[in-house]
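Just below is one structure, and these are the notes that go with it.
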Amino acid sequence: MKPLSLLSTYMKKKEEAKYLDKDWTEMNTRLKAFLETGDQEELHKFRVQIKKLRAMLLLFENTSNENGLLKNFKPVRKIFKHAGNIRDAHTNLELSERYKLKNERFETSQQKIIEDGTNEFRSMGDEFIKDIKTAHKKLKKQLPKVVDSQIAAYYKNQLEQIASNFTVSGFTEDMHTNRKLIKILVYNHKLAGHALDGKIPFNVDYLDKLQETIGKWHDNLLAEQLFSLPELNDKPIVSKIKRVNSGVKRKITTLSEDFLKKATTIDNTIKT
């Protein structure tokens with residue numbers, strides 16, 4: 001990696017606000033769609049947008065002297081968590097269908113969680129929209145001036161930290177943490193691109209492939225835990241998931257070798 005430039009170029013607040021507004025509008029669109037239709041895919045996309053916005057605010061906080069952004073984002077995060085049980089139950093039903101689980105009691109209980117949770121969530125829609133609007137106003141006023149060199153330094157430090165993590169992380173929750181750190185960088189790549197250009201090569205395709213593969217491993221792990229529950233205890237399904245996940249783990253091991261070199265080599269060929 002090239003030495004970081006000391007030039008005091010920075011991202012204008014107007015530009016920051018443009019990125020914030022764009023993702024915020026998309027989040028609102030997905031929320032309103034779910035409130036109107038109850039479509040689970042809209043709820044999923046709503047939560048993804050919250051993750052992207054949190055990643056953006058995390059970048060701003062870590063590259064400036066402003067430390068109140070995440071605090072004022074908490075009302076939105078509460079809505080995210082409120083939707084968590086609905087999404088978990090929906091995911092459980094998807095897994096039961098994928099693995100052809102035959103357990104009517106389980107399916108009925110998950111469907112009830114979805115229906116009750118969705119009804120409660122939609123009944124609070126006006127309150128959620130109001131809280132989101134208030135948070136947006138506060139955050140736009142708080143947006144800090146972020147110097148490009150600080151963004152580049154943040155990316156450099158995060159990549160080095162992730163590389164270090166991979167040398168000691170086994171297939172535990174630490175591996176999932178690595179994925180979260182990578183996703184923050186990937187989510188912010190377009191916004192941070194001008195600050196990284198000519199300073200830190202950033203192989204977004206490789207990093208996205210790696211985090212996606214870790215995501216598959218983690219999803220399989222959760223599925224294994226689900227089907228191991230006493231009320232399900234489906235050993236054939238658990239055995240199948242373990243076999244599949246062994247292959248995914250080998251892919252992650254291969255992908256994560258020489259992480260820092262691959263992450264900062266734009267023309268790198270991704271090996272799967």
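The chains in the structure tokens are called A, B, ... from first to last as shown; in each chain the residues are counted from 1, and the ligands are counted from 1 in the order shown.
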Surrounding residues of segment 63-75 of chain A excluding itself and chain neighbours under 3 positions, 12 Å, only C-alpha atoms, as a ChimeraX atom specification: /A:10-11,24,50-51,53-60,78-82,127-155,157,192,195
Those residues you just picked out, can you put them in a file as a PDB file, in the first residue's frame with C-alpha atoms?
ATOM      1  CA  TYR A  10     -12.112  16.626   2.704  1.00  0.00           C
ATOM      2  CA  MET A  11     -15.638  15.503   1.935  1.00  0.00           C
ATOM      3  CA  TRP A  24     -32.488   7.204   4.118  1.00  0.00           C
ATOM      4  CA  ILE A  50     -30.449   0.351   8.379  1.00  0.00           C
ATOM      5  CA  LYS A  51     -27.208  -1.644   8.361  1.00  0.00           C
ATOM      6  CA  LEU A  53     -26.802   3.720   7.279  1.00  0.00           C
ATOM      7  CA  ARG A  54     -25.213   2.576  10.517  1.00  0.00           C
ATOM      8  CA  ALA A  55     -22.032   1.694   8.597  1.00  0.00           C
ATOM      9  CA  MET A  56     -21.975   5.192   7.101  1.00  0.00           C
ATOM     10  CA  LEU A  57     -22.418   6.871  10.483  1.00  0.00           C
ATOM     11  CA  LEU A  58     -19.755   4.622  11.976  1.00  0.00           C
ATOM     12  CA  LEU A  59     -17.344   5.787   9.262  1.00  0.00           C
ATOM     13  CA  PHE A  60     -18.164   9.443   9.958  1.00  0.00           C
ATOM     14  CA  LYS A  78     -34.638   0.013  18.012  1.00  0.00           C
ATOM     15  CA  ILE A  79     -37.012  -0.395  15.079  1.00  0.00           C
ATOM     16  CA  PHE A  80     -34.458  -2.719  13.461  1.00  0.00           C
ATOM     17  CA  LYS A  81     -34.382  -4.885  16.571  1.00  0.00           C
ATOM     18  CA  HIS A  82     -38.159  -4.764  16.882  1.00  0.00           C
ATOM     19  CA  GLU A 127     -44.729   6.102  15.525  1.00  0.00           C
ATOM     20  CA  PHE A 128     -41.825   4.490  13.669  1.00  0.00           C
ATOM     21  CA  ILE A 129     -42.076   6.942  10.761  1.00  0.00           C
ATOM     22  CA  LYS A 130     -42.122   9.878  13.191  1.00  0.00           C
ATOM     23  CA  ASP A 131     -39.059   8.594  15.073  1.00  0.00           C
ATOM     24  CA  ILE A 132     -37.174   8.045  11.823  1.00  0.00           C
ATOM     25  CA  LYS A 133     -37.989  11.551  10.592  1.00  0.00           C
ATOM     26  CA  THR A 134     -36.769  13.091  13.864  1.00  0.00           C
ATOM     27  CA  ALA A 135     -33.547  11.080  13.772  1.00  0.00           C
ATOM     28  CA  HIS A 136     -32.908  12.150  10.175  1.00  0.00           C
ATOM     29  CA  LYS A 137     -33.194  15.845  11.030  1.00  0.00           C
ATOM     30  CA  LYS A 138     -30.811  15.521  13.961  1.00  0.00           C
ATOM     31  CA  LEU A 139     -28.247  13.559  12.002  1.00  0.00           C
ATOM     32  CA  LYS A 140     -28.183  15.956   9.045  1.00  0.00           C
ATOM     33  CA  LYS A 141     -27.394  18.816  11.410  1.00  0.00           C
ATOM     34  CA  GLN A 142     -24.620  16.773  13.023  1.00  0.00           C
ATOM     35  CA  LEU A 143     -22.765  15.676   9.915  1.00  0.00           C
ATOM     36  CA  PRO A 144     -19.066  16.470  10.479  1.00  0.00           C
ATOM     37  CA  LYS A 145     -16.363  17.568   8.075  1.00  0.00           C
ATOM     38  CA  VAL A 146     -14.352  14.451   7.279  1.00  0.00           C
ATOM     39  CA  VAL A 147     -10.797  14.772   5.965  1.00  0.00           C
ATOM     40  CA  ASP A 148      -9.916  12.379   3.142  1.00  0.00           C
ATOM     41  CA  SER A 149      -6.678  11.304   4.785  1.00  0.00           C
ATOM     42  CA  GLN A 150      -8.639  10.217   7.861  1.00  0.00           C
ATOM     43  CA  ILE A 151     -10.931   8.072   5.721  1.00  0.00           C
ATOM     44  CA  ALA A 152      -7.912   6.466   4.049  1.00  0.00           C
ATOM     45  CA  ALA A 153      -6.282   5.885   7.439  1.00  0.00           C
ATOM     46  CA  TYR A 154      -9.500   4.295   8.717  1.00  0.00           C
ATOM     47  CA  TYR A 155      -9.632   1.876   5.794  1.00  0.00           C
ATOM     48  CA  ASN A 157      -6.307   0.355   9.889  1.00  0.00           C
ATOM     49  CA  ALA A 192     -15.080   6.640   0.459  1.00  0.00           C
ATOM     50  CA  ALA A 195     -10.458   9.376  -0.429  1.00  0.00           C
TER      51      ALA A 195
END
Check segment 99-180 of chain A with DSSP on the backbone and list each residue it calls alpha helix (DSSP H), as a tab-separated table (two decimals) with C-alpha atoms, in the first residue's frame.
chain	number	residue	atom	x	y	z
A	104	GLU	CA	-46.41	-28.95	11.88
A	105	ARG	CA	-46.19	-27.69	15.46
A	106	PHE	CA	-42.92	-25.89	14.73
A	107	GLU	CA	-44.20	-24.36	11.50
A	108	THR	CA	-47.40	-23.21	13.17
A	109	SER	CA	-45.49	-21.59	16.05
A	110	GLN	CA	-43.17	-19.71	13.65
A	111	GLN	CA	-46.07	-18.57	11.51
A	112	LYS	CA	-47.82	-17.22	14.60
A	113	ILE	CA	-44.68	-15.26	15.57
A	114	ILE	CA	-44.65	-13.73	12.09
A	115	GLU	CA	-48.35	-12.86	12.09
A	116	ASP	CA	-48.45	-11.45	15.63
A	117	GLY	CA	-45.16	-9.60	15.17
A	118	THR	CA	-46.20	-8.15	11.82
A	119	ASN	CA	-49.54	-6.96	13.19
A	120	GLU	CA	-47.84	-5.30	16.16
A	121	PHE	CA	-45.14	-3.74	13.97
A	122	ARG	CA	-47.64	-2.35	11.48
A	123	SER	CA	-49.79	-0.94	14.29
A	125	GLY	CA	-46.01	2.32	11.87
A	126	ASP	CA	-46.90	5.98	12.41
A	127	GLU	CA	-44.73	6.10	15.53
A	128	PHE	CA	-41.83	4.49	13.67
A	129	ILE	CA	-42.08	6.94	10.76
A	130	LYS	CA	-42.12	9.88	13.19
A	131	ASP	CA	-39.06	8.59	15.07
A	132	ILE	CA	-37.17	8.04	11.82
A	133	LYS	CA	-37.99	11.55	10.59
A	134	THR	CA	-36.77	13.09	13.86
A	135	ALA	CA	-33.55	11.08	13.77
A	136	HIS	CA	-32.91	12.15	10.18
A	137	LYS	CA	-33.19	15.84	11.03
A	138	LYS	CA	-30.81	15.52	13.96
A	139	LEU	CA	-28.25	13.56	12.00
A	140	LYS	CA	-28.18	15.96	9.04
A	141	LYS	CA	-27.39	18.82	11.41
A	142	GLN	CA	-24.62	16.77	13.02
A	148	ASP	CA	-9.92	12.38	3.14
A	149	SER	CA	-6.68	11.30	4.78
A	150	GLN	CA	-8.64	10.22	7.86
A	151	ILE	CA	-10.93	8.07	5.72
A	152	ALA	CA	-7.91	6.47	4.05
A	153	ALA	CA	-6.28	5.88	7.44
A	154	TYR	CA	-9.50	4.29	8.72
A	155	TYR	CA	-9.63	1.88	5.79
A	156	LYS	CA	-5.95	1.05	6.16
A	157	ASN	CA	-6.31	0.35	9.89
A	158	GLN	CA	-9.48	-1.69	9.46
A	159	LEU	CA	-7.98	-3.86	6.74
A	160	GLU	CA	-4.91	-4.48	8.87
A	161	GLN	CA	-7.11	-5.33	11.86
A	162	ILE	CA	-9.18	-7.78	9.82
A	163	ALA	CA	-5.99	-9.38	8.45
A	164	SER	CA	-4.76	-9.80	12.03
A	165	ASN	CA	-8.12	-11.26	13.06
A	166	PHE	CA	-7.93	-13.90	10.35
A	167	THR	CA	-4.61	-15.15	11.70
A	168	VAL	CA	-6.21	-16.02	15.04
A	173	GLU	CA	-18.37	-15.91	16.42
A	174	ASP	CA	-15.09	-14.09	15.78
A	175	MET	CA	-15.35	-15.14	12.15
A	176	HIS	CA	-18.79	-13.55	11.95
A	177	THR	CA	-17.29	-10.38	13.46
A	178	ASN	CA	-14.75	-10.33	10.62
A	179	ARG	CA	-17.66	-10.39	8.19
A	180	LYS	CA	-19.32	-7.42	9.90
Who sits within 10 Å of segment 223-229 of chain A, only C-alpha atoms, same chain under 6 positions skipped, as a ChimeraX atom specification: /A:91-92,95-96,99,101,217,235-242,245
I need the chosen residues saved as a CSV table (one decimal), in the first residue's frame, with N, CA and C atoms.
chain,number,residue,atom,x,y,z
A,91,THR,N,-37.1,-16.7,8.6
A,91,THR,CA,-35.9,-17.4,8.2
A,91,THR,C,-36.0,-18.9,8.6
A,92,ASN,N,-36.5,-19.1,9.8
A,92,ASN,CA,-36.7,-20.5,10.3
A,92,ASN,C,-37.7,-21.3,9.4
A,95,LEU,N,-35.9,-22.2,6.2
A,95,LEU,CA,-34.9,-23.3,6.4
A,95,LEU,C,-35.7,-24.6,6.5
A,96,SER,N,-36.9,-24.6,7.1
A,96,SER,CA,-37.7,-25.8,7.3
A,96,SER,C,-38.1,-26.3,5.9
A,99,TYR,N,-35.0,-27.7,3.8
A,99,TYR,CA,-34.5,-29.0,4.2
A,99,TYR,C,-35.6,-30.0,4.4
A,101,LEU,N,-38.3,-30.1,6.3
A,101,LEU,CA,-38.6,-30.5,7.7
A,101,LEU,C,-40.1,-30.7,7.7
A,217,TRP,N,-21.6,-19.6,5.7
A,217,TRP,CA,-21.1,-20.5,6.8
A,217,TRP,C,-21.9,-20.2,8.0
A,235,LYS,N,-31.6,-35.3,13.2
A,235,LYS,CA,-30.2,-35.6,13.1
A,235,LYS,C,-29.8,-35.8,11.6
A,236,PRO,N,-30.6,-36.3,10.7
A,236,PRO,CA,-30.2,-36.4,9.3
A,236,PRO,C,-30.0,-35.0,8.7
A,237,ILE,N,-30.9,-34.1,9.0
A,237,ILE,CA,-30.7,-32.7,8.5
A,237,ILE,C,-29.5,-32.1,9.0
A,238,VAL,N,-29.2,-32.2,10.3
A,238,VAL,CA,-28.0,-31.7,11.0
A,238,VAL,C,-26.8,-32.2,10.3
A,239,SER,N,-26.8,-33.5,10.0
A,239,SER,CA,-25.6,-34.1,9.4
A,239,SER,C,-25.4,-33.6,8.0
A,240,LYS,N,-26.5,-33.3,7.3
A,240,LYS,CA,-26.4,-32.8,5.9
A,240,LYS,C,-25.8,-31.4,5.9
A,241,ILE,N,-26.3,-30.6,6.9
A,241,ILE,CA,-25.8,-29.2,7.0
A,241,ILE,C,-24.3,-29.2,7.3
A,242,LYS,N,-23.9,-30.0,8.2
A,242,LYS,CA,-22.5,-30.1,8.6
A,242,LYS,C,-21.6,-30.5,7.4
A,245,ASN,N,-21.4,-27.4,5.2
A,245,ASN,CA,-20.6,-26.4,5.8
A,245,ASN,C,-19.1,-26.7,5.8
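Atom CA of Asp205 of chain A to atom CA of Leu260 of chain A spans 13.8 Å [interatomic distance, one decimal].
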Minimum-distance residue to Gln211 of chain A, chosen among A:Val244, A:Gly84, A:Phe46, A:Ala263 (using only C-alpha atoms): A:Ala263
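The space between atom CA of Lys261 of chain A and atom CA of Val248 of chain A spans 21.7 Å.
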